[in-house]
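For reference, start.txt (compact mmCIF, C-alpha atoms):
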```txt
# COMPACT_ATOMS: atom_id res chain seq x y z
CA MET A 113 218.13 -58.00 -4.81
CA THR A 114 218.52 -58.78 -8.50
CA LEU A 115 220.82 -56.90 -10.84
CA ASP A 116 217.80 -55.47 -12.67
CA ALA A 117 216.43 -54.13 -9.38
CA VAL A 118 219.75 -52.46 -8.59
CA ASP A 119 219.85 -50.88 -12.04
CA THR A 120 216.31 -49.53 -11.66
CA ALA A 121 217.02 -48.17 -8.19
CA ASP A 122 220.10 -46.32 -9.48
CA GLN A 123 218.34 -44.89 -12.54
CA LEU A 124 217.58 -41.17 -12.58
CA LEU A 125 215.73 -40.57 -15.85
CA GLY A 126 212.63 -42.59 -16.51
CA GLU A 127 209.38 -42.59 -18.45
CA GLY A 128 208.33 -39.07 -19.30
CA ASP A 129 211.85 -37.60 -18.96
CA ILE A 130 213.39 -36.12 -22.09
CA PRO A 131 216.88 -37.01 -23.36
CA PRO A 132 219.59 -34.69 -22.02
CA VAL A 133 221.12 -33.83 -25.40
CA HIS A 134 219.52 -31.44 -27.87
CA GLU A 135 221.00 -30.91 -31.33
CA VAL A 136 220.40 -28.52 -34.17
CA ASN A 137 221.81 -28.79 -37.69
CA ALA A 138 224.10 -31.77 -37.07
CA GLU A 139 225.19 -31.79 -40.71
CA GLY A 140 225.92 -28.06 -40.82
CA ALA A 141 228.81 -27.05 -43.08
CA SER A 142 230.23 -24.29 -40.87
CA PRO A 143 233.60 -24.77 -39.14
CA PHE A 144 231.97 -23.46 -35.95
CA LEU A 145 230.75 -26.10 -33.49
CA LEU A 146 228.43 -24.47 -30.96
CA THR A 147 227.83 -25.83 -27.46
CA SER A 148 225.43 -24.72 -24.74
CA ASP A 149 226.08 -26.29 -21.34
CA HIS A 150 223.25 -24.45 -19.57
CA TYR A 151 220.68 -24.34 -22.39
CA GLY A 152 217.76 -25.79 -20.41
CA ARG A 153 216.23 -25.90 -16.93
CA VAL A 154 214.38 -29.22 -17.05
CA LEU A 155 214.29 -31.27 -13.83
CA PRO A 156 214.06 -35.08 -13.80
CA ARG A 157 210.70 -36.23 -12.48
CA ALA A 158 212.39 -38.30 -9.78
CA LEU A 159 213.88 -35.14 -8.23
CA GLY A 160 210.67 -33.11 -8.09
CA ASP A 161 211.46 -29.41 -7.68
CA LEU A 162 214.72 -30.07 -5.78
CA GLY A 163 213.08 -28.34 -2.82
CA VAL A 164 213.45 -24.99 -4.62
CA ALA A 165 210.64 -22.50 -5.26
CA GLU A 166 209.55 -22.02 -8.88
CA SER A 167 210.46 -18.33 -8.59
CA GLU A 168 214.06 -19.47 -8.06
CA LEU A 169 214.00 -22.12 -10.78
CA VAL A 170 213.41 -19.49 -13.47
CA ARG A 171 216.42 -17.44 -12.32
CA HIS A 172 219.98 -17.60 -13.57
CA ILE A 173 220.92 -20.14 -10.90
CA ALA A 174 219.00 -22.82 -12.82
CA TRP A 175 220.04 -22.06 -16.42
CA ASP A 176 221.53 -19.50 -18.80
CA ILE A 177 218.52 -17.30 -19.48
CA GLY A 178 218.06 -16.43 -23.15
CA ILE A 179 220.99 -18.40 -24.53
CA ALA A 180 218.78 -21.14 -26.02
CA GLY A 181 217.11 -18.68 -28.37
CA VAL A 182 220.42 -17.12 -29.38
CA ALA A 183 222.08 -20.50 -29.90
CA GLU A 184 219.26 -21.90 -32.05
CA ARG A 185 219.16 -18.83 -34.27
CA LEU A 186 222.94 -18.57 -34.56
CA ALA A 187 223.26 -22.23 -35.57
CA LYS A 188 220.84 -21.67 -38.43
CA MET A 189 222.43 -18.40 -39.53
CA LEU A 190 225.94 -19.88 -39.62
CA ASP A 191 224.85 -23.33 -40.82
CA ALA A 192 226.61 -24.59 -37.69
CA HIS A 193 226.11 -27.67 -35.54
CA LEU A 194 224.73 -26.92 -32.06
CA ILE A 195 224.96 -29.41 -29.18
CA ALA A 196 223.03 -28.34 -26.09
CA GLN A 197 222.14 -29.75 -22.68
CA ARG A 198 218.51 -29.63 -21.56
CA TYR A 199 218.66 -30.27 -17.80
CA SER A 200 219.11 -27.61 -15.14
CA ARG A 201 222.59 -26.90 -13.87
CA LEU A 202 221.13 -27.41 -10.39
CA VAL A 203 220.82 -31.14 -11.16
CA ILE A 204 224.41 -31.34 -12.40
CA ASP A 205 226.46 -28.56 -13.94
CA CYS A 206 227.77 -29.69 -17.31
CA ASN A 207 230.51 -27.06 -17.29
CA ARG A 208 232.10 -28.31 -14.07
CA SER A 209 234.31 -31.31 -13.46
CA PRO A 210 232.34 -34.01 -11.64
CA GLY A 211 233.27 -34.10 -7.99
CA VAL A 212 233.90 -30.39 -7.44
CA ALA A 213 231.49 -28.66 -5.06
CA SER A 214 229.80 -26.61 -7.79
CA SER A 215 229.07 -29.71 -9.90
CA ILE A 216 225.97 -30.53 -7.82
CA PRO A 217 225.51 -27.34 -5.79
CA VAL A 218 224.06 -27.34 -2.29
CA ILE A 219 223.86 -23.53 -2.45
CA SER A 220 223.70 -21.50 -5.68
CA GLU A 221 224.34 -17.81 -5.16
CA ALA A 222 222.28 -17.49 -1.93
CA THR A 223 219.67 -20.19 -2.68
CA ARG A 224 219.72 -23.53 -0.88
CA VAL A 225 219.04 -26.63 -2.95
CA PRO A 226 217.72 -29.09 -0.34
CA ARG A 227 217.49 -32.09 -2.67
CA ASN A 228 221.24 -31.81 -3.32
CA GLU A 229 222.14 -32.04 0.36
CA GLY A 230 223.58 -35.32 1.57
CA ILE A 231 223.02 -37.24 -1.65
CA THR A 232 224.64 -40.65 -1.97
CA GLU A 233 227.49 -41.56 -4.26
CA SER A 234 225.10 -43.66 -6.34
CA GLU A 235 222.84 -40.62 -6.82
CA ARG A 236 225.83 -38.52 -7.89
CA ALA A 237 226.90 -41.26 -10.26
CA ALA A 238 223.41 -41.45 -11.80
CA ARG A 239 223.35 -37.72 -12.52
CA ARG A 240 226.79 -37.92 -14.05
CA ARG A 241 226.02 -41.08 -16.05
CA GLU A 242 222.61 -40.03 -17.40
CA ILE A 243 223.03 -36.29 -17.96
CA PHE A 244 226.66 -35.14 -17.86
CA GLU A 245 228.27 -38.00 -19.76
CA PRO A 246 225.80 -38.30 -22.67
CA TYR A 247 226.22 -34.58 -23.37
CA HIS A 248 230.01 -34.64 -23.33
CA HIS A 249 230.22 -37.97 -25.16
CA ARG A 250 228.13 -36.41 -27.93
CA ILE A 251 230.47 -33.44 -28.20
CA ASP A 252 233.44 -35.82 -28.31
CA ALA A 253 231.81 -37.92 -31.00
CA ALA A 254 230.99 -34.86 -33.12
CA ILE A 255 234.59 -33.64 -32.90
CA ASP A 256 235.93 -37.13 -33.67
CA ARG A 257 233.80 -37.33 -36.79
CA ARG A 258 234.80 -33.87 -37.96
CA LEU A 259 238.49 -34.63 -37.47
CA HIS A 260 238.10 -37.98 -39.25
CA ASP A 261 236.43 -36.18 -42.15
CA ARG A 262 239.19 -33.53 -42.09
CA ARG A 263 236.65 -30.83 -41.44
CA PRO A 264 237.90 -27.66 -39.74
CA THR A 265 236.43 -27.29 -36.26
CA VAL A 266 236.23 -24.16 -34.12
CA LEU A 267 234.59 -24.56 -30.71
CA VAL A 268 232.31 -21.79 -29.45
CA SER A 269 230.81 -22.31 -25.99
CA LEU A 270 227.72 -20.14 -25.52
CA HIS A 271 226.60 -18.82 -22.13
CA SER A 272 224.72 -15.93 -20.56
CA PHE A 273 225.27 -14.11 -17.27
CA THR A 274 223.07 -12.33 -14.77
CA PRO A 275 223.22 -8.49 -14.78
CA VAL A 276 223.61 -8.46 -10.99
CA TYR A 277 225.41 -11.12 -8.98
CA ALA A 278 225.60 -11.10 -5.17
CA GLY A 279 224.41 -7.50 -5.24
CA VAL A 280 227.11 -6.30 -7.66
CA ALA A 281 226.04 -4.85 -11.03
CA ARG A 282 227.92 -5.99 -14.11
CA PRO A 283 228.44 -3.39 -16.84
CA TRP A 284 229.44 -5.65 -19.73
CA HIS A 285 227.04 -6.45 -22.54
CA ILE A 286 229.11 -9.41 -23.72
CA GLY A 287 232.38 -11.06 -22.82
CA ALA A 288 234.90 -13.23 -24.65
CA LEU A 289 236.29 -15.95 -22.38
CA TYR A 290 239.48 -17.95 -22.81
CA ASN A 291 242.48 -19.54 -21.17
CA ARG A 292 245.38 -20.98 -23.18
CA ASP A 293 244.15 -20.21 -26.70
CA THR A 294 243.77 -16.49 -27.42
CA VAL A 295 243.49 -16.54 -31.23
CA LEU A 296 239.70 -16.58 -31.58
CA PRO A 297 238.99 -14.53 -28.43
CA GLN A 298 241.22 -11.71 -29.67
CA LEU A 299 239.50 -11.67 -33.06
CA LEU A 300 236.13 -11.70 -31.34
CA LEU A 301 237.12 -8.88 -28.99
CA LYS A 302 238.34 -6.80 -31.95
CA HIS A 303 235.07 -7.15 -33.82
CA LEU A 304 232.86 -6.63 -30.77
CA ARG A 305 234.71 -3.44 -29.85
CA SER A 306 234.40 -2.15 -33.40
CA GLU A 307 230.61 -2.30 -33.06
CA GLY A 308 230.85 0.95 -31.10
CA ASP A 309 227.81 0.45 -28.87
CA LEU A 310 229.03 -2.32 -26.56
CA VAL A 311 230.77 -2.63 -23.24
CA VAL A 312 232.93 -5.67 -23.96
CA GLY A 313 234.45 -7.93 -21.34
CA ASP A 314 237.93 -9.38 -21.88
CA ASN A 315 237.69 -12.53 -19.73
CA GLU A 316 234.83 -10.81 -17.91
CA PRO A 317 232.59 -11.48 -16.07
CA TYR A 318 234.41 -14.83 -15.91
CA ALA A 319 237.71 -16.29 -17.08
CA VAL A 320 238.13 -19.85 -18.28
CA SER A 321 240.26 -22.16 -16.14
CA ASP A 322 240.76 -25.87 -15.58
CA LEU A 323 239.20 -25.51 -12.12
CA SER A 324 236.10 -23.48 -13.03
CA ASP A 325 235.26 -24.91 -16.46
CA TYR A 326 234.99 -28.20 -18.31
CA THR A 327 233.83 -27.75 -21.92
CA ILE A 328 236.61 -25.47 -23.19
CA PRO A 329 239.51 -27.16 -21.33
CA VAL A 330 238.39 -30.69 -22.31
CA HIS A 331 236.87 -30.29 -25.77
CA GLY A 332 238.72 -27.18 -26.93
CA GLU A 333 242.17 -26.98 -25.42
CA ALA A 334 242.84 -30.69 -24.90
CA ARG A 335 241.75 -31.42 -28.48
CA GLY A 336 243.83 -28.59 -29.93
CA LEU A 337 240.84 -26.70 -31.33
CA VAL A 338 240.62 -22.97 -31.85
CA ASN A 339 238.05 -21.97 -29.24
CA THR A 340 236.33 -19.28 -27.24
CA GLY A 341 233.63 -18.86 -24.65
CA ILE A 342 230.94 -16.22 -25.02
CA GLU A 343 228.88 -14.67 -22.22
CA ILE A 344 225.91 -12.40 -23.07
CA ARG A 345 224.13 -10.40 -20.38
CA GLN A 346 220.76 -11.95 -19.72
CA ASP A 347 218.62 -8.82 -19.69
CA LEU A 348 219.67 -8.23 -23.32
CA ILE A 349 218.41 -11.63 -24.50
CA ALA A 350 215.46 -12.26 -22.18
CA ASP A 351 212.95 -11.98 -25.02
CA GLN A 352 212.81 -13.17 -28.62
CA ALA A 353 213.59 -9.75 -30.06
CA GLY A 354 216.81 -9.54 -28.07
CA GLN A 355 217.75 -13.09 -28.97
CA GLN A 356 217.24 -12.37 -32.66
CA GLN A 357 219.27 -9.15 -32.50
CA TRP A 358 222.19 -10.81 -30.77
CA ALA A 359 222.14 -13.83 -33.04
CA GLU A 360 222.25 -11.52 -36.04
CA ARG A 361 225.10 -9.52 -34.53
CA LEU A 362 227.13 -12.61 -33.73
CA GLY A 363 226.29 -14.20 -37.05
CA ARG A 364 227.66 -11.17 -38.89
CA ILE A 365 230.80 -11.09 -36.72
CA PHE A 366 231.52 -14.81 -37.01
CA ALA A 367 231.16 -14.63 -40.79
CA LYS A 368 233.97 -12.05 -40.81
CA ILE A 369 236.03 -14.09 -38.36
CA GLU A 370 235.72 -17.19 -40.52
CA VAL A 371 237.29 -15.29 -43.42
CA GLU A 372 240.15 -14.18 -41.16
CA LEU A 373 240.73 -17.68 -39.79
CA ARG A 374 240.82 -19.09 -43.33
CA ALA A 375 243.32 -16.44 -44.37
CA GLU A 376 245.57 -17.55 -41.51
CA LEU A 377 245.03 -21.21 -42.50
CA LEU A 378 243.50 -21.89 -39.09
CA VAL A 379 240.39 -23.48 -40.60
```

Is it possible to express this structure as structure tokens?
Amino acid sequence: MTLDAVDTADQLLGEGDIPPVHEVNAEGASPFLLTSDHYGRVLPRALGDLGVAESELVRHIAWDIGIAGVAERLAKMLDAHLIAQRYSRLVIDCNRSPGVASSIPVISEATRVPRNEGITESERAARRREIFEPYHHRIDAAIDRRLHDRRPTVLVSLHSFTPVYAGVARPWHIGALYNRDTVLPQLLLKHLRSEGDLVVGDNEPYAVSDLSDYTIPVHGEARGLVNTGIEIRQDLIADQAGQQQWAERLGRIFAKIEVELRAELLV
């Protein structure tokens, strides 16, 4: 077999597949750099439907419902750069370290993903090489350029969460997520709580860790950036009206936070 034949056999994305990375406002002047690991739910043509019913592929197991609309609007409101990932987390989860079980899940919540069962190392490598790595390389490159240009950079990783998981209802409207760096999360929590109409999660419904996350530990903490994760409950942003409302709320809050960070010489 020729080298070209091997390369073709190992390739995942082909004609008709879209690039994994989506960007908005790459030249934005804001110190906030927005990321969205679970923005899309596209499946590569070569993988078909992964053996999963369409009714499951529109659920939270496949993507972060509603966050795309919030992220797009927020980037424009803040004049911020957004880097997002278009493929479903069922193909490869871009907020998990490659190699961990949840990176290419065989079961997500209670749903089997047959096409992920027993895949070869070359298949795993193709998903990592063609989807995971381009996304994270782009984030790295954007941060490198900003640091080279001496531009302040604050990483905000945008996510959404299902209102009910494994039969347990979640009361929070929004959560601020963090691990080592608490500066931005504490400012965010303060402003969210002052809104008066929100149930706010402090590292709820998830907490950031080196084992359960990738974007914040690698691009935020390891690079020494002020950072936070945000989780918005999906039923609140399932339609365009909700996405607009939450983008406006977060836009207003982050404008105040930027002033506070500048006063503390953190940006």

- Would you mind listing what lies within 12 Å of A:Arg201 as number ranges by chain, with only C-alpha atoms counted and same-chain residues fewer than 3 positions away left out? A: 132, 148-156, 162, 169-177, 197-198, 204-208, 214-220, 225, 228, 239-240, 243-244

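Compared by their closest atoms to A:Val182, and using all atoms listed in the file, the residues A:Ser269, A:Ser306, A:Gln352, A:Asn291 rank with A:Gln352 nearest.
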
- At what distance in Å, to one decimal, does atom CA of A:Ile349 lie from atom CA of A:Ser272? 8.6 Å

Spatial sel., origin (228.6, -16.4, -28.4), limit 9 Å, only C-alpha atoms, listed as an mmCIF file with C-alpha atoms, keeping the file's coordinate frame:
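To be explicit, this is the file written out as result.cif:
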```cif
data_model
loop_
_atom_site.group_PDB
_atom_site.id
_atom_site.type_symbol
_atom_site.label_atom_id
_atom_site.label_comp_id
_atom_site.auth_asym_id
_atom_site.auth_seq_id
_atom_site.Cartn_x
_atom_site.Cartn_y
_atom_site.Cartn_z
ATOM 1 C CA LEU A 146 228.430 -24.470 -30.960
ATOM 2 C CA ILE A 179 220.990 -18.400 -24.530
ATOM 3 C CA VAL A 182 220.420 -17.120 -29.380
ATOM 4 C CA ALA A 183 222.080 -20.500 -29.900
ATOM 5 C CA LEU A 186 222.940 -18.570 -34.560
ATOM 6 C CA VAL A 268 232.310 -21.790 -29.450
ATOM 7 C CA SER A 269 230.810 -22.310 -25.990
ATOM 8 C CA LEU A 270 227.720 -20.140 -25.520
ATOM 9 C CA HIS A 271 226.600 -18.820 -22.130
ATOM 10 C CA SER A 272 224.720 -15.930 -20.560
ATOM 11 C CA ILE A 286 229.110 -9.410 -23.720
ATOM 12 C CA GLY A 287 232.380 -11.060 -22.820
ATOM 13 C CA ALA A 288 234.900 -13.230 -24.650
ATOM 14 C CA THR A 340 236.330 -19.280 -27.240
ATOM 15 C CA GLY A 341 233.630 -18.860 -24.650
ATOM 16 C CA ILE A 342 230.940 -16.220 -25.020
ATOM 17 C CA GLU A 343 228.880 -14.670 -22.220
ATOM 18 C CA ILE A 344 225.910 -12.400 -23.070
ATOM 19 C CA TRP A 358 222.190 -10.810 -30.770
ATOM 20 C CA ALA A 359 222.140 -13.830 -33.040
ATOM 21 C CA LEU A 362 227.130 -12.610 -33.730
#
```

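Here the question is which of A:Phe144, A:Gly211, A:Val379, A:Ala158 gets nearest to A:Gly126 using all atoms listed in the file, and that residue is A:Ala158.
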
- Task: Kindly give the distance, in Å, that separates atom CA of A:Val330 and atom CA of A:Lys368, rounded to a single decimal.
- Result: 26.6 Å

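What separates atom CA of A:Tyr277 from atom CA of A:Glu221 is a distance of 7.8 Å.
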
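You can rank A:Phe273, A:Trp284, A:Tyr318, A:Tyr326 by their closest distance to A:Glu245 using all atoms listed in the file, and at the top of that list sits A:Tyr326.
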
- What lies within 10 Å of A:Ile369 using only C-alpha atoms, ignoring chain neighbours under 6 positions off, as a VMD selection string? chain A and resid 296 299 to 300 302 to 303 363 375

- Choose the residue, out of A:His248, A:Arg227, A:Arg157, A:Arg335, that has the smallest atom-to-atom separation from A:His134; count all atoms listed in the file. A:His248

- Considering all atoms listed in the file, state which residue in the set A:Arg262, A:Ile255, A:Gly336, A:Ser209 is at the smallest distance from A:Ser321. A:Ser209

Since the input has fewer atoms than a full residue there, write stretch 219-239 of chain A out with N, CA, C and O atoms, as a compact mmCIF listing (two decimals), in the coordinates of the input.
```txt
# COMPACT_ATOMS: atom_id res chain seq x y z
N ILE A 219 224.30 -24.93 -2.45
CA ILE A 219 223.86 -23.53 -2.45
C ILE A 219 224.29 -22.91 -3.77
O ILE A 219 225.44 -23.09 -4.20
N SER A 220 223.37 -22.22 -4.46
CA SER A 220 223.70 -21.50 -5.68
C SER A 220 223.38 -20.04 -5.47
O SER A 220 222.24 -19.68 -5.17
N GLU A 221 224.39 -19.20 -5.62
CA GLU A 221 224.34 -17.81 -5.16
C GLU A 221 223.91 -17.85 -3.69
O GLU A 221 224.69 -18.31 -2.85
N ALA A 222 222.70 -17.43 -3.34
CA ALA A 222 222.28 -17.49 -1.93
C ALA A 222 221.13 -18.48 -1.72
O ALA A 222 220.52 -18.49 -0.66
N THR A 223 220.83 -19.29 -2.73
CA THR A 223 219.67 -20.19 -2.68
C THR A 223 220.09 -21.61 -2.32
O THR A 223 220.93 -22.21 -2.99
N ARG A 224 219.48 -22.14 -1.26
CA ARG A 224 219.72 -23.53 -0.88
C ARG A 224 219.01 -24.46 -1.86
O ARG A 224 217.91 -24.17 -2.33
N VAL A 225 219.64 -25.60 -2.11
CA VAL A 225 219.04 -26.63 -2.95
C VAL A 225 218.92 -27.89 -2.08
O VAL A 225 219.81 -28.75 -2.08
N PRO A 226 217.83 -28.02 -1.33
CA PRO A 226 217.72 -29.09 -0.34
C PRO A 226 217.90 -30.49 -0.89
O PRO A 226 218.52 -31.35 -0.23
N ARG A 227 217.42 -30.73 -2.11
CA ARG A 227 217.49 -32.09 -2.67
C ARG A 227 218.92 -32.49 -3.02
O ARG A 227 219.21 -33.67 -3.26
N ASN A 228 219.83 -31.51 -3.04
CA ASN A 228 221.24 -31.81 -3.32
C ASN A 228 222.05 -32.05 -2.05
O ASN A 228 223.24 -32.37 -2.13
N GLU A 229 221.42 -31.89 -0.91
CA GLU A 229 222.14 -32.04 0.36
C GLU A 229 222.22 -33.52 0.75
O GLU A 229 221.22 -34.24 0.74
N GLY A 230 223.40 -33.97 1.06
CA GLY A 230 223.58 -35.32 1.57
C GLY A 230 223.24 -36.43 0.61
O GLY A 230 222.86 -37.52 1.03
N ILE A 231 223.36 -36.19 -0.69
CA ILE A 231 223.02 -37.24 -1.65
C ILE A 231 224.11 -38.32 -1.65
O ILE A 231 225.27 -38.07 -1.34
N THR A 232 223.72 -39.53 -1.99
CA THR A 232 224.64 -40.65 -1.97
C THR A 232 225.54 -40.65 -3.19
O THR A 232 225.28 -39.96 -4.19
N GLU A 233 226.59 -41.44 -3.12
CA GLU A 233 227.49 -41.56 -4.26
C GLU A 233 226.78 -42.16 -5.46
O GLU A 233 227.07 -41.82 -6.60
N SER A 234 225.83 -43.07 -5.22
CA SER A 234 225.10 -43.66 -6.34
C SER A 234 224.20 -42.62 -7.01
O SER A 234 224.02 -42.65 -8.24
N GLU A 235 223.64 -41.70 -6.24
CA GLU A 235 222.84 -40.62 -6.82
C GLU A 235 223.72 -39.69 -7.65
O GLU A 235 223.35 -39.26 -8.76
N ARG A 236 224.89 -39.35 -7.12
CA ARG A 236 225.83 -38.52 -7.89
C ARG A 236 226.22 -39.21 -9.19
O ARG A 236 226.26 -38.59 -10.26
N ALA A 237 226.49 -40.50 -9.08
CA ALA A 237 226.90 -41.26 -10.26
C ALA A 237 225.79 -41.30 -11.31
O ALA A 237 226.06 -41.22 -12.52
N ALA A 238 224.54 -41.40 -10.86
CA ALA A 238 223.41 -41.45 -11.80
C ALA A 238 223.28 -40.13 -12.55
O ALA A 238 223.04 -40.12 -13.77
N ARG A 239 223.43 -39.02 -11.85
CA ARG A 239 223.35 -37.72 -12.52
C ARG A 239 224.48 -37.56 -13.54
O ARG A 239 224.27 -37.06 -14.65
```
